[in-house]
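Content type mmCIF, C-alpha atoms, from the file coords.cif:
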```
data_query
#
loop_
_atom_site.label_atom_id
_atom_site.label_comp_id
_atom_site.auth_asym_id
_atom_site.auth_seq_id
_atom_site.Cartn_x
_atom_site.Cartn_y
_atom_site.Cartn_z
CA MET A 1 -9.30 -2.70 -27.79
CA HIS A 2 -5.77 -3.71 -26.81
CA VAL A 3 -4.81 -2.40 -23.35
CA ILE A 4 -1.21 -2.52 -22.23
CA VAL A 5 -0.72 -2.57 -18.45
CA ILE A 6 2.77 -1.59 -17.33
CA GLY A 7 3.68 -3.26 -14.06
CA SER A 8 2.54 -6.49 -12.41
CA GLY A 9 2.49 -5.80 -8.71
CA VAL A 10 -0.83 -6.16 -6.94
CA ILE A 11 -2.09 -2.97 -8.64
CA GLY A 12 -1.13 -3.94 -12.19
CA THR A 13 -2.33 -7.51 -11.72
CA THR A 14 -5.76 -6.54 -10.39
CA THR A 15 -6.04 -4.04 -13.25
CA ALA A 16 -5.34 -6.83 -15.74
CA TYR A 17 -7.89 -9.09 -14.02
CA TYR A 18 -10.73 -6.57 -14.22
CA LEU A 19 -9.97 -5.61 -17.81
CA ALA A 20 -9.73 -9.25 -18.93
CA ARG A 21 -12.97 -10.05 -17.12
CA LEU A 22 -14.64 -7.34 -19.21
CA GLY A 23 -13.38 -8.96 -22.39
CA GLN A 24 -10.59 -6.52 -23.19
CA GLN A 25 -7.41 -7.68 -24.89
CA VAL A 26 -4.76 -7.20 -22.20
CA SER A 27 -0.97 -7.37 -22.26
CA VAL A 28 0.99 -6.92 -19.03
CA LEU A 29 4.65 -5.89 -19.11
CA GLU A 30 6.77 -6.74 -16.07
CA ARG A 31 10.55 -6.67 -15.66
CA ARG A 32 10.61 -9.34 -12.94
CA ALA A 33 10.19 -13.09 -13.48
CA SER A 34 6.62 -13.24 -12.15
CA ALA A 35 3.89 -11.07 -10.68
CA GLY A 36 4.18 -9.49 -7.25
CA LEU A 37 7.95 -9.65 -6.76
CA GLU A 38 8.51 -5.97 -5.94
CA THR A 39 6.64 -3.98 -3.25
CA SER A 40 3.84 -6.57 -3.12
CA PHE A 41 6.20 -9.39 -2.19
CA ALA A 42 6.62 -9.18 1.61
CA ASN A 43 4.51 -6.25 2.76
CA ALA A 44 2.64 -6.02 6.07
CA GLY A 45 -0.08 -8.39 4.87
CA GLN A 46 -3.05 -6.16 5.62
CA VAL A 47 -6.25 -5.36 3.74
CA SER A 48 -7.10 -2.52 6.06
CA PRO A 49 -9.56 0.11 4.83
CA GLY A 50 -10.16 1.21 8.41
CA TYR A 51 -6.50 2.08 8.81
CA ALA A 52 -6.44 4.26 5.69
CA ALA A 53 -4.91 7.54 6.85
CA PRO A 54 -2.35 9.97 5.45
CA TRP A 55 1.06 10.23 7.03
CA ALA A 56 0.75 13.99 6.76
CA ALA A 57 -1.13 14.93 9.93
CA PRO A 58 -1.15 17.72 12.52
CA GLY A 59 1.82 17.38 14.83
CA VAL A 60 3.81 15.11 12.52
CA PRO A 61 6.66 17.65 11.92
CA PHE A 62 7.34 17.78 15.67
CA LYS A 63 6.95 14.02 16.04
CA ALA A 64 9.40 13.54 13.17
CA ILE A 65 12.12 15.41 15.04
CA LYS A 66 11.59 13.18 18.05
CA TRP A 67 11.51 10.04 15.89
CA LEU A 68 14.75 10.93 14.11
CA LEU A 69 16.51 11.10 17.48
CA SER A 70 15.17 7.73 18.57
CA LYS A 71 17.21 4.54 18.44
CA HIS A 72 14.28 2.62 16.94
CA SER A 73 12.86 5.39 14.81
CA PRO A 74 9.87 4.68 12.53
CA LEU A 75 11.20 7.42 10.23
CA VAL A 76 14.59 7.55 8.53
CA ILE A 77 15.67 10.39 6.24
CA ASN A 78 19.06 10.06 4.58
CA PRO A 79 20.25 13.52 3.53
CA ARG A 80 21.04 13.67 -0.17
CA MET A 81 21.03 16.10 -3.07
CA ASP A 82 17.60 15.01 -4.27
CA TRP A 83 15.10 17.61 -5.45
CA SER A 84 12.36 14.97 -5.66
CA MET A 85 12.79 14.13 -1.98
CA LEU A 86 12.86 17.78 -0.96
CA ARG A 87 9.72 18.56 -2.93
CA PHE A 88 7.96 15.51 -1.51
CA LEU A 89 8.77 16.63 2.03
CA LEU A 90 7.65 20.20 1.38
CA MET A 91 4.36 19.01 -0.11
CA LEU A 92 3.89 16.59 2.78
CA LEU A 93 4.41 19.41 5.30
CA ARG A 94 1.82 21.47 3.46
CA ASN A 95 -0.68 18.71 4.14
CA CYS A 96 0.03 18.58 7.90
CA THR A 97 -3.01 20.64 8.89
CA SER A 98 -6.26 19.50 10.48
CA ALA A 99 -8.31 20.56 7.45
CA ARG A 100 -6.10 18.77 4.92
CA TYR A 101 -5.81 15.68 7.12
CA THR A 102 -9.59 15.39 7.31
CA LEU A 103 -9.94 15.94 3.55
CA ASN A 104 -7.20 13.46 2.63
CA LYS A 105 -8.32 10.78 5.08
CA GLY A 106 -11.86 11.08 3.75
CA ARG A 107 -10.63 10.53 0.20
CA MET A 108 -8.54 7.55 1.25
CA LEU A 109 -11.39 5.97 3.17
CA ARG A 110 -13.68 6.46 0.18
CA ILE A 111 -11.51 4.45 -2.18
CA ALA A 112 -10.52 1.96 0.54
CA GLU A 113 -14.12 1.17 1.49
CA TYR A 114 -15.11 0.80 -2.15
CA SER A 115 -12.15 -1.53 -2.56
CA ARG A 116 -13.25 -3.60 0.44
CA ARG A 117 -16.50 -4.45 -1.33
CA ALA A 118 -14.73 -5.13 -4.62
CA PHE A 119 -12.19 -7.35 -2.85
CA ALA A 120 -14.94 -9.47 -1.27
CA GLU A 121 -16.67 -9.88 -4.64
CA LEU A 122 -13.41 -10.87 -6.33
CA ARG A 123 -12.65 -13.44 -3.67
CA GLU A 124 -16.15 -14.90 -4.05
CA ALA A 125 -15.89 -15.00 -7.85
CA THR A 126 -12.42 -16.53 -8.07
CA GLY A 127 -11.95 -18.59 -4.91
CA VAL A 128 -8.42 -17.16 -4.62
CA ARG A 129 -6.49 -18.29 -1.51
CA TYR A 130 -3.66 -16.42 0.19
CA ASP A 131 -3.36 -17.41 3.90
CA GLU A 132 -6.32 -15.13 4.49
CA ARG A 133 -7.82 -14.29 7.88
CA ARG A 134 -10.85 -12.11 8.56
CA LEU A 135 -10.44 -11.40 12.26
CA GLY A 136 -10.05 -7.63 12.19
CA THR A 137 -6.97 -5.60 13.09
CA LEU A 138 -5.87 -3.84 16.26
CA GLN A 139 -4.08 -0.50 16.50
CA LEU A 140 -2.19 -0.81 19.78
CA PHE A 141 -1.62 2.21 22.01
CA ARG A 142 1.13 2.22 24.61
CA THR A 143 0.24 5.61 26.16
CA ARG A 144 -2.91 7.38 27.35
CA LYS A 145 -2.06 10.26 25.02
CA GLN A 146 -2.30 7.93 22.03
CA VAL A 147 -5.69 6.73 23.24
CA GLN A 148 -6.92 10.32 23.49
CA HIS A 149 -5.65 11.16 19.99
CA ALA A 150 -7.53 8.17 18.58
CA HIS A 151 -10.81 10.07 18.94
CA ARG A 152 -9.92 12.27 15.95
CA ASP A 153 -9.70 9.23 13.70
CA MET A 154 -12.77 7.69 15.28
CA ASP A 155 -14.83 10.74 14.32
CA ILE A 156 -13.81 10.35 10.68
CA LEU A 157 -14.42 6.60 10.78
CA ALA A 158 -17.90 7.23 12.18
CA GLU A 159 -18.67 9.78 9.46
CA SER A 160 -17.59 7.21 6.85
CA GLY A 161 -19.74 4.48 8.39
CA ILE A 162 -16.77 2.22 9.22
CA PRO A 163 -17.26 -0.07 12.24
CA HIS A 164 -14.68 0.42 14.99
CA GLU A 165 -14.34 0.07 18.73
CA LEU A 166 -12.03 1.64 21.29
CA LEU A 167 -10.70 -0.99 23.67
CA ASP A 168 -9.10 -0.88 27.09
CA THR A 169 -6.22 -3.15 28.05
CA ASP A 170 -8.48 -6.12 28.79
CA GLY A 171 -10.31 -5.62 25.49
CA CYS A 172 -7.02 -5.74 23.58
CA ILE A 173 -6.07 -8.98 25.32
CA ASP A 174 -9.49 -10.50 24.64
CA ASN A 175 -8.85 -9.96 20.93
CA GLU A 176 -5.16 -10.91 21.00
CA PRO A 177 -4.68 -13.30 23.96
CA ALA A 178 -0.88 -13.49 23.54
CA LEU A 179 -0.69 -9.84 24.62
CA ALA A 180 -1.49 -10.94 28.18
CA ARG A 181 2.24 -11.57 28.53
CA VAL A 182 2.91 -7.82 28.09
CA ARG A 183 -0.19 -6.35 29.74
CA ASN A 184 1.80 -3.55 31.39
CA LYS A 185 2.81 -2.18 27.97
CA ILE A 186 -0.77 -1.68 26.73
CA ALA A 187 -2.87 1.44 27.37
CA GLY A 188 -5.63 0.55 24.91
CA GLY A 189 -6.37 -0.04 21.27
CA LEU A 190 -8.59 0.75 18.32
CA ARG A 191 -10.08 -2.37 16.76
CA LEU A 192 -11.28 -2.43 13.16
CA PRO A 193 -13.38 -5.61 12.93
CA LEU A 194 -13.84 -5.66 9.14
CA ASP A 195 -10.15 -5.40 8.26
CA GLU A 196 -8.43 -8.51 6.91
CA THR A 197 -4.97 -10.05 6.62
CA GLY A 198 -3.12 -12.36 4.26
CA ASP A 199 -0.14 -12.89 1.99
CA CYS A 200 -0.18 -10.23 -0.72
CA PHE A 201 2.34 -12.06 -2.89
CA ALA A 202 0.30 -15.27 -2.78
CA PHE A 203 -2.79 -13.27 -3.75
CA THR A 204 -1.05 -11.44 -6.60
CA ASP A 205 0.63 -14.55 -7.97
CA ALA A 206 -2.64 -16.53 -7.91
CA LEU A 207 -4.61 -13.67 -9.46
CA SER A 208 -2.12 -13.37 -12.33
CA ARG A 209 -2.85 -16.99 -13.22
CA ILE A 210 -6.60 -16.39 -12.99
CA ALA A 211 -6.29 -13.31 -15.23
CA SER A 212 -4.24 -15.37 -17.68
CA GLU A 213 -7.05 -17.95 -17.83
CA GLN A 214 -9.39 -15.09 -18.73
CA GLY A 215 -7.16 -14.08 -21.63
CA ALA A 216 -4.66 -11.58 -20.20
CA ARG A 217 -1.11 -12.11 -21.47
CA PHE A 218 1.70 -11.55 -18.98
CA HIS A 219 5.12 -10.77 -20.46
CA PHE A 220 7.72 -11.26 -17.75
CA GLY A 221 11.37 -10.26 -17.94
CA VAL A 222 10.51 -7.23 -20.10
CA LYS A 223 12.05 -3.88 -19.12
CA VAL A 224 10.06 -0.82 -20.17
CA GLN A 225 12.32 2.00 -21.33
CA GLU A 226 10.00 4.76 -22.53
CA LEU A 227 6.55 5.63 -23.84
CA ALA A 228 6.43 6.74 -27.47
CA THR A 229 4.11 9.61 -28.41
CA GLN A 230 2.73 11.22 -31.54
CA ASP A 231 0.10 13.91 -32.01
CA GLY A 232 -0.72 14.05 -28.32
CA ARG A 233 -1.27 10.30 -27.87
CA ILE A 234 0.76 7.34 -26.64
CA THR A 235 1.65 5.20 -29.65
CA GLY A 236 3.70 2.43 -28.08
CA VAL A 237 6.00 1.16 -25.36
CA GLN A 238 9.71 0.84 -26.07
CA THR A 239 11.21 -2.12 -24.17
CA ASP A 240 14.55 -3.90 -24.05
CA GLN A 241 12.93 -6.51 -26.32
CA GLY A 242 11.53 -4.12 -28.89
CA ARG A 243 8.47 -1.94 -29.24
CA ILE A 244 4.98 -3.06 -28.19
CA ASP A 245 1.96 -1.14 -29.46
CA GLY A 246 -1.55 -0.99 -28.08
CA ASP A 247 -4.64 1.19 -28.14
CA LEU A 248 -4.64 2.26 -24.51
CA TYR A 249 -2.03 2.22 -21.75
CA VAL A 250 -2.27 1.89 -17.96
CA LEU A 251 0.74 2.81 -15.87
CA ALA A 252 0.84 0.77 -12.65
CA LEU A 253 4.55 0.92 -12.03
CA GLY A 254 4.53 2.14 -8.43
CA SER A 255 7.49 4.33 -7.51
CA TYR A 256 8.96 3.88 -10.99
CA SER A 257 5.98 5.59 -12.62
CA THR A 258 7.40 9.08 -12.06
CA ALA A 259 10.52 8.62 -14.20
CA LEU A 260 8.53 7.13 -17.08
CA LEU A 261 6.10 10.06 -17.09
CA ARG A 262 8.62 12.89 -16.78
CA PRO A 263 9.68 12.87 -20.47
CA LEU A 264 5.99 13.24 -21.36
CA GLY A 265 5.71 16.48 -19.42
CA ILE A 266 3.76 14.85 -16.59
CA ASP A 267 5.24 15.55 -13.17
CA LEU A 268 3.81 12.97 -10.80
CA PRO A 269 4.64 13.67 -7.11
CA VAL A 270 5.17 10.03 -6.11
CA TYR A 271 8.27 9.23 -4.08
CA PRO A 272 9.65 5.82 -3.01
CA VAL A 273 9.35 5.36 0.76
CA LYS A 274 11.28 2.29 1.76
CA GLY A 275 9.77 -0.19 4.17
CA TYR A 276 11.26 -3.32 5.74
CA SER A 277 9.86 -6.63 6.89
CA LEU A 278 10.87 -9.80 8.69
CA THR A 279 9.05 -13.09 8.13
CA MET A 280 9.62 -15.90 10.61
CA PRO A 281 8.10 -19.29 11.46
CA ILE A 282 5.79 -19.56 14.47
CA VAL A 283 7.23 -21.69 17.25
CA ASN A 284 4.51 -21.15 19.87
CA THR A 285 0.98 -20.63 18.59
CA ASP A 286 -0.31 -19.46 21.98
CA ALA A 287 2.34 -16.72 22.06
CA ALA A 288 1.74 -15.54 18.49
CA PRO A 289 -0.74 -12.97 17.14
CA ARG A 290 -4.12 -14.07 15.76
CA SER A 291 -4.38 -11.27 13.20
CA THR A 292 -2.59 -7.90 12.82
CA ILE A 293 -1.40 -5.60 15.58
CA MET A 294 -0.21 -2.15 14.58
CA ASP A 295 2.13 -0.74 17.22
CA GLU A 296 1.28 2.97 17.13
CA THR A 297 4.49 3.97 18.92
CA HIS A 298 6.89 2.36 16.47
CA LYS A 299 4.57 2.32 13.42
CA VAL A 300 5.25 -1.41 12.99
CA ALA A 301 2.65 -4.01 11.97
CA ILE A 302 2.82 -7.60 13.24
CA THR A 303 0.70 -10.00 11.20
CA ARG A 304 -0.16 -13.69 11.38
CA LEU A 305 0.24 -15.40 7.99
CA GLY A 306 -0.66 -19.05 8.38
CA GLU A 307 2.21 -20.55 10.34
CA ARG A 308 4.36 -17.45 9.92
CA ILE A 309 4.66 -14.02 11.52
CA ARG A 310 5.29 -11.00 9.30
CA VAL A 311 6.68 -7.85 10.96
CA ALA A 312 6.80 -4.73 8.79
CA GLY A 313 7.56 -1.09 9.31
CA THR A 314 9.88 1.91 8.97
CA ALA A 315 9.51 4.78 6.53
CA GLU A 316 12.88 5.52 4.97
CA LEU A 317 13.46 8.27 2.44
CA ASN A 318 16.60 7.32 0.56
CA GLY A 319 15.74 7.33 -3.14
CA PHE A 320 15.75 3.92 -4.79
CA ASP A 321 18.28 2.42 -2.40
CA ALA A 322 17.68 -1.33 -2.01
CA SER A 323 20.18 -2.19 0.74
CA LEU A 324 19.25 -4.06 3.93
CA PRO A 325 21.00 -2.34 6.88
CA GLN A 326 21.27 -4.27 10.13
CA GLN A 327 19.97 -1.26 12.07
CA ARG A 328 16.66 -1.35 10.25
CA ARG A 329 16.36 -5.07 10.94
CA ASP A 330 17.05 -4.45 14.62
CA THR A 331 14.21 -1.93 14.85
CA ILE A 332 11.44 -4.19 13.60
CA ALA A 333 12.93 -7.19 15.43
CA HIS A 334 12.78 -5.13 18.64
CA VAL A 335 9.04 -4.55 18.27
CA VAL A 336 8.07 -8.17 17.70
CA SER A 337 10.38 -9.29 20.52
CA ASP A 338 8.83 -6.69 22.80
CA LEU A 339 5.19 -7.66 22.16
CA PHE A 340 5.40 -11.35 21.17
CA PRO A 341 8.72 -12.51 22.61
CA ASP A 342 7.99 -16.23 22.39
CA GLY A 343 5.84 -16.39 19.25
CA GLY A 344 8.34 -16.74 16.39
CA ASP A 345 11.92 -17.74 15.70
CA LEU A 346 13.87 -14.61 14.77
CA THR A 347 16.97 -16.66 14.01
CA ARG A 348 15.15 -18.06 10.97
CA ALA A 349 13.60 -14.80 9.80
CA SER A 350 13.95 -13.58 6.23
CA PHE A 351 14.70 -9.86 5.85
CA TRP A 352 13.21 -7.83 2.98
CA ALA A 353 12.73 -4.26 1.81
CA GLY A 354 10.33 -2.69 -0.69
CA LEU A 355 9.75 0.78 -2.14
CA ARG A 356 6.25 2.03 -1.38
CA PRO A 357 4.98 4.62 -3.90
CA MET A 358 3.85 7.48 -1.68
CA THR A 359 2.02 10.67 -2.52
CA PRO A 360 2.42 13.65 -0.17
CA ASP A 361 -1.29 13.59 0.71
CA GLY A 362 -1.56 9.80 1.03
CA THR A 363 -4.21 9.41 -1.68
CA PRO A 364 -3.41 7.35 -4.81
CA VAL A 365 -3.43 8.85 -8.30
CA LEU A 366 -6.04 7.23 -10.52
CA GLY A 367 -7.57 7.81 -13.91
CA PRO A 368 -6.82 9.94 -16.97
CA THR A 369 -3.86 12.11 -17.93
CA ARG A 370 -3.33 14.84 -20.53
CA TYR A 371 -2.85 11.99 -23.02
CA PRO A 372 -6.32 10.60 -23.85
CA ASN A 373 -5.14 6.99 -24.04
CA LEU A 374 -2.89 6.97 -20.95
CA TYR A 375 -4.30 6.16 -17.51
CA LEU A 376 -2.68 5.99 -14.08
CA ASN A 377 -3.12 3.53 -11.22
CA THR A 378 -0.31 4.34 -8.81
CA GLY A 379 0.72 6.16 -5.63
CA HIS A 380 -1.03 3.85 -3.14
CA GLY A 381 1.81 3.96 -0.59
CA THR A 382 1.39 1.41 2.19
CA LEU A 383 -2.18 0.64 1.12
CA GLY A 384 -1.64 -0.89 -2.30
CA TRP A 385 -3.32 -4.20 -1.52
CA THR A 386 -6.05 -2.49 0.50
CA MET A 387 -7.00 -0.22 -2.42
CA SER A 388 -6.07 -2.51 -5.31
CA CYS A 389 -9.44 -4.00 -6.23
CA GLY A 390 -11.38 -0.75 -5.96
CA SER A 391 -8.79 1.26 -7.88
CA SER A 392 -8.58 -1.33 -10.64
CA ARG A 393 -12.32 -1.88 -11.01
CA LEU A 394 -12.83 1.88 -11.15
CA LEU A 395 -10.18 2.16 -13.86
CA ALA A 396 -11.68 -0.71 -15.85
CA ASP A 397 -15.05 1.05 -15.81
CA LEU A 398 -13.47 4.26 -17.08
CA ILE A 399 -11.70 2.44 -19.89
CA ARG A 400 -14.84 0.70 -21.12
CA GLY A 401 -16.68 4.04 -21.09
CA HIS A 402 -18.94 3.38 -18.11
CA THR A 403 -19.51 5.80 -15.25
CA PRO A 404 -17.62 4.41 -12.24
CA GLU A 405 -19.55 3.61 -9.08
CA LEU A 406 -17.13 5.81 -7.13
CA ASP A 407 -16.76 9.57 -7.50
CA LEU A 408 -13.28 10.36 -8.87
CA ASP A 409 -13.16 13.80 -7.28
CA GLY A 410 -9.83 14.26 -5.49
CA LEU A 411 -8.41 10.95 -6.74
CA THR A 412 -6.95 12.03 -10.08
CA LEU A 413 -3.81 13.85 -11.15
CA GLN A 414 -5.85 17.06 -11.35
CA ARG A 415 -5.36 17.73 -7.66
CA TYR A 416 -1.71 18.35 -8.50
CA ARG A 417 -2.43 20.76 -11.34
CA ARG A 418 0.55 22.92 -10.46
CA TRP A 419 2.97 20.03 -11.01
CA SER A 420 1.20 17.67 -13.41
CA GLY A 421 1.68 19.67 -16.61
#
```
Now, as a test, write the supplied structure out as structure tokens.
Amino acid sequence: MHVIVIGSGVIGTTTAYYLARLGQQVSVLERRASAGLETSFANAGQVSPGYAAPWAAPGVPFKAIKWLLSKHSPLVINPRMDWSMLRFLLMLLRNCTSARYTLNKGRMLRIAEYSRRAFAELREATGVRYDERRLGTLQLFRTRKQVQHAHRDMDILAESGIPHELLDTDGCIDNEPALARVRNKIAGGLRLPLDETGDCFAFTDALSRIASEQGARFHFGVKVQELATQDGRITGVQTDQGRIDGDLYVLALGSYSTALLRPLGIDLPVYPVKGYSLTMPIVNTDAAPRSTIMDETHKVAITRLGERIRVAGTAELNGFDASLPQQRRDTIAHVVSDLFPDGGDLTRASFWAGLRPMTPDGTPVLGPTRYPNLYLNTGHGTLGWTMSCGSSRLLADLIRGHTPELDLDGLTLQRYRRWSG
């Protein structure tokens, strides 16, 4: 069977790897010059199942108002005549209840934990290297109120069997010694000891070569224009270089999946949420992070990548805008300067932005569609790398006709029946 995978970010590339490993004929179509050059290129660098949580949570609407008035806001909404944005926000608000938060976080943890195991097995099988570190991650709280609110997430983590520990100020510094310089800014933290860090682009690029050695064919510089249909099935992919036909199709195109599905009568509620990052060289190892620190106040992650520091954050709703405003740079630069003032050289930092494919409930959209030979692997938001191996292995099992190890309930397009057509 010839499977065509559309998209070669970390999701499309891991999909190709698992399918090729199972002996399927695989063709990957990607408009960029190599794998991992879009949202996977300079993300926060975390493989963090323990941090899997929906943005839609109780209290978020009121927090959003406060954030929008802040100089260094983690949330930016640019008003525009955009029905897709409005619908996304309305659906997100609908999920800001305690019951839905618990349901959605449970679903996300389920796929993230499954992916953790798949990721470890893939790393063992391939020997892939990517500036990896397995030192856990630390969610940093600046206020006592944040520490108190952490208990809600801890309850869900405990129910899911995910190791975690609530730390006081000294505990945070024991795990990240450089934070001793800013002790007075730390109220506590939530440590997730099994979470990992690394360079997602390096991983994706290396895995594309491994998948190629297993027989997958990557076609770079190919722009997909539309999916052709006949008699209720997908019959081919129209590209700027002609039509390519296969037997089965997997859409792993991130935020761009929605536009490709709309002509087919499939309304996928995935919206691009723009995130920014700075990557700078380390100039003082003792003043730099050891792993990842997530600043809960600013929603910014600071990650050690070899001899570099990656700082990533901000959630901006502005369509497919790809600009790099100085104000957004200033926000994430402020956070790293505030917590690790002497660790890296900001004057040599590279500035980047990517469009994270978000669903309003935080959970990705996996599996079948109304077309029997079209499958989805998209909508992973900020957790694409975290969920990539589990999502892709699950999809590969479905395609070869095997029952997946993970229950698909709540992970498919069916949960959006009202919109999915």
Against stretch 1-23 of chain A, which residues of stretch 75-182 of chain A fall within 12 Å? For each one I want the closest pair of atoms and the distance in Å (one decimal), counting all atoms listed in the file, rows by chain and increasing residue number, as a tab-separated table.
```
residue	atom	partner	partner_atom	distance
A:Ser115	CA	A:Thr14	CA	11.3
A:Ala118	CA	A:Tyr18	CA	10.5
A:Phe119	CA	A:Thr14	CA	9.9
A:Glu121	CA	A:Tyr18	CA	11.7
A:Leu122	CA	A:Tyr18	CA	9.4
A:Arg123	CA	A:Thr14	CA	11.8
A:Ala125	CA	A:Arg21	CA	10.9
A:Thr126	CA	A:Tyr17	CA	10.5
```
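Applied to this file, the PyMOL selection byres ((chain A and resi 168) around 10) selects Phe141, Val147, Glu165, Leu166, Leu167, Thr169, Asp170, Gly171, Cys172, Ile173, Asp174, Ile186, Ala187, Gly188, Gly189 and Leu190 of chain A.
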Taking the file above as input, evaluate the PyMOL selection byres ((chain A and resi 271) around 8) and report the hits as a PyMOL selection string.
-> chain A and resi 84-85+88+255+269-270+272-273+319+356-359
Padding of 8 Å on every side, edges along x, y and z, all listed atoms of stretch 160-166 of chain A included: what centre and edge lengths in Å, to one decimal, does that box have, as AutoDock Vina command-line options?
```
--center_x -15.9 --center_y 3.6 --center_z 14.1 --size_x 23.7 --size_y 23.3 --size_z 30.4
```
In Å, rounded to a single decimal, give me how far atom CA of A:Leu398 is from atom CA of A:Asp267.
->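 So the answer is 22.2 Å.
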So which one's closest to A:Arg144, A:Leu90, A:Lys185, A:Ser34, A:His380? Using all atoms listed in the file, please.
-> A:Lys185
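Note that the spacing between atom CA of A:Lys71 and atom CA of A:Gly379 amounts to 29.2 Å.
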Name all residues at most 8 Å from A:Arg107 (count only C-alpha atoms; drop same-chain ones fewer than 5 positions away) and give them as an MDAnalysis selection string.
-> chainID A and resid 363 410:411
List the residues selected by the PyMOL selection byres ((chain A and resi 277) around 12) in the file shown, writing them as JSON, numbers by chain.
-> {"A": [39, 40, 41, 42, 43, 44, 45, 274, 275, 276, 278, 279, 280, 300, 301, 302, 303, 309, 310, 311, 312, 313, 314, 315, 324, 325, 328, 329, 330, 331, 332, 333, 335, 336, 346, 349, 350, 351, 352, 353, 354, 355]}
Take the selection from the previous step and output its residues with C-alpha atoms, as a PDB file, in the coordinates of the input.
```pdb
ATOM      1  CA  THR A  39       6.640  -3.980  -3.250  1.00  0.00           C
ATOM      2  CA  SER A  40       3.840  -6.570  -3.120  1.00  0.00           C
ATOM      3  CA  PHE A  41       6.200  -9.390  -2.190  1.00  0.00           C
ATOM      4  CA  ALA A  42       6.620  -9.180   1.610  1.00  0.00           C
ATOM      5  CA  ASN A  43       4.510  -6.250   2.760  1.00  0.00           C
ATOM      6  CA  ALA A  44       2.640  -6.020   6.070  1.00  0.00           C
ATOM      7  CA  GLY A  45      -0.080  -8.390   4.870  1.00  0.00           C
ATOM      8  CA  LYS A 274      11.280   2.290   1.760  1.00  0.00           C
ATOM      9  CA  GLY A 275       9.770  -0.190   4.170  1.00  0.00           C
ATOM     10  CA  TYR A 276      11.260  -3.320   5.740  1.00  0.00           C
ATOM     11  CA  LEU A 278      10.870  -9.800   8.690  1.00  0.00           C
ATOM     12  CA  THR A 279       9.050 -13.090   8.130  1.00  0.00           C
ATOM     13  CA  MET A 280       9.620 -15.900  10.610  1.00  0.00           C
ATOM     14  CA  VAL A 300       5.250  -1.410  12.990  1.00  0.00           C
ATOM     15  CA  ALA A 301       2.650  -4.010  11.970  1.00  0.00           C
ATOM     16  CA  ILE A 302       2.820  -7.600  13.240  1.00  0.00           C
ATOM     17  CA  THR A 303       0.700 -10.000  11.200  1.00  0.00           C
ATOM     18  CA  ILE A 309       4.660 -14.020  11.520  1.00  0.00           C
ATOM     19  CA  ARG A 310       5.290 -11.000   9.300  1.00  0.00           C
ATOM     20  CA  VAL A 311       6.680  -7.850  10.960  1.00  0.00           C
ATOM     21  CA  ALA A 312       6.800  -4.730   8.790  1.00  0.00           C
ATOM     22  CA  GLY A 313       7.560  -1.090   9.310  1.00  0.00           C
ATOM     23  CA  THR A 314       9.880   1.910   8.970  1.00  0.00           C
ATOM     24  CA  ALA A 315       9.510   4.780   6.530  1.00  0.00           C
ATOM     25  CA  LEU A 324      19.250  -4.060   3.930  1.00  0.00           C
ATOM     26  CA  PRO A 325      21.000  -2.340   6.880  1.00  0.00           C
ATOM     27  CA  ARG A 328      16.660  -1.350  10.250  1.00  0.00           C
ATOM     28  CA  ARG A 329      16.360  -5.070  10.940  1.00  0.00           C
ATOM     29  CA  ASP A 330      17.050  -4.450  14.620  1.00  0.00           C
ATOM     30  CA  THR A 331      14.210  -1.930  14.850  1.00  0.00           C
ATOM     31  CA  ILE A 332      11.440  -4.190  13.600  1.00  0.00           C
ATOM     32  CA  ALA A 333      12.930  -7.190  15.430  1.00  0.00           C
ATOM     33  CA  VAL A 335       9.040  -4.550  18.270  1.00  0.00           C
ATOM     34  CA  VAL A 336       8.070  -8.170  17.700  1.00  0.00           C
ATOM     35  CA  LEU A 346      13.870 -14.610  14.770  1.00  0.00           C
ATOM     36  CA  ALA A 349      13.600 -14.800   9.800  1.00  0.00           C
ATOM     37  CA  SER A 350      13.950 -13.580   6.230  1.00  0.00           C
ATOM     38  CA  PHE A 351      14.700  -9.860   5.850  1.00  0.00           C
ATOM     39  CA  TRP A 352      13.210  -7.830   2.980  1.00  0.00           C
ATOM     40  CA  ALA A 353      12.730  -4.260   1.810  1.00  0.00           C
ATOM     41  CA  GLY A 354      10.330  -2.690  -0.690  1.00  0.00           C
ATOM     42  CA  LEU A 355       9.750   0.780  -2.140  1.00  0.00           C
TER      43      LEU A 355
END
```
Using only C-alpha atoms, find the one residue out of A:His334, A:Glu30, A:Leu374, A:Asp131 that sits nearest to A:Ala206.
->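 Counting only C-alpha atoms, the residue closest to A:Ala206 is A:Asp131.
Atom CA of A:Gln327 sits 8.4 Å away from atom CA of A:His72.
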For each of A:Ala158, A:Ala99, A:Ile399, A:Leu383, take the minimum atom-to-atom distance to A:Pro368, counting all atoms listed in the file, then give the residue where this is smallest.
->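 The answer is A:Ile399, which sits nearest to A:Pro368.
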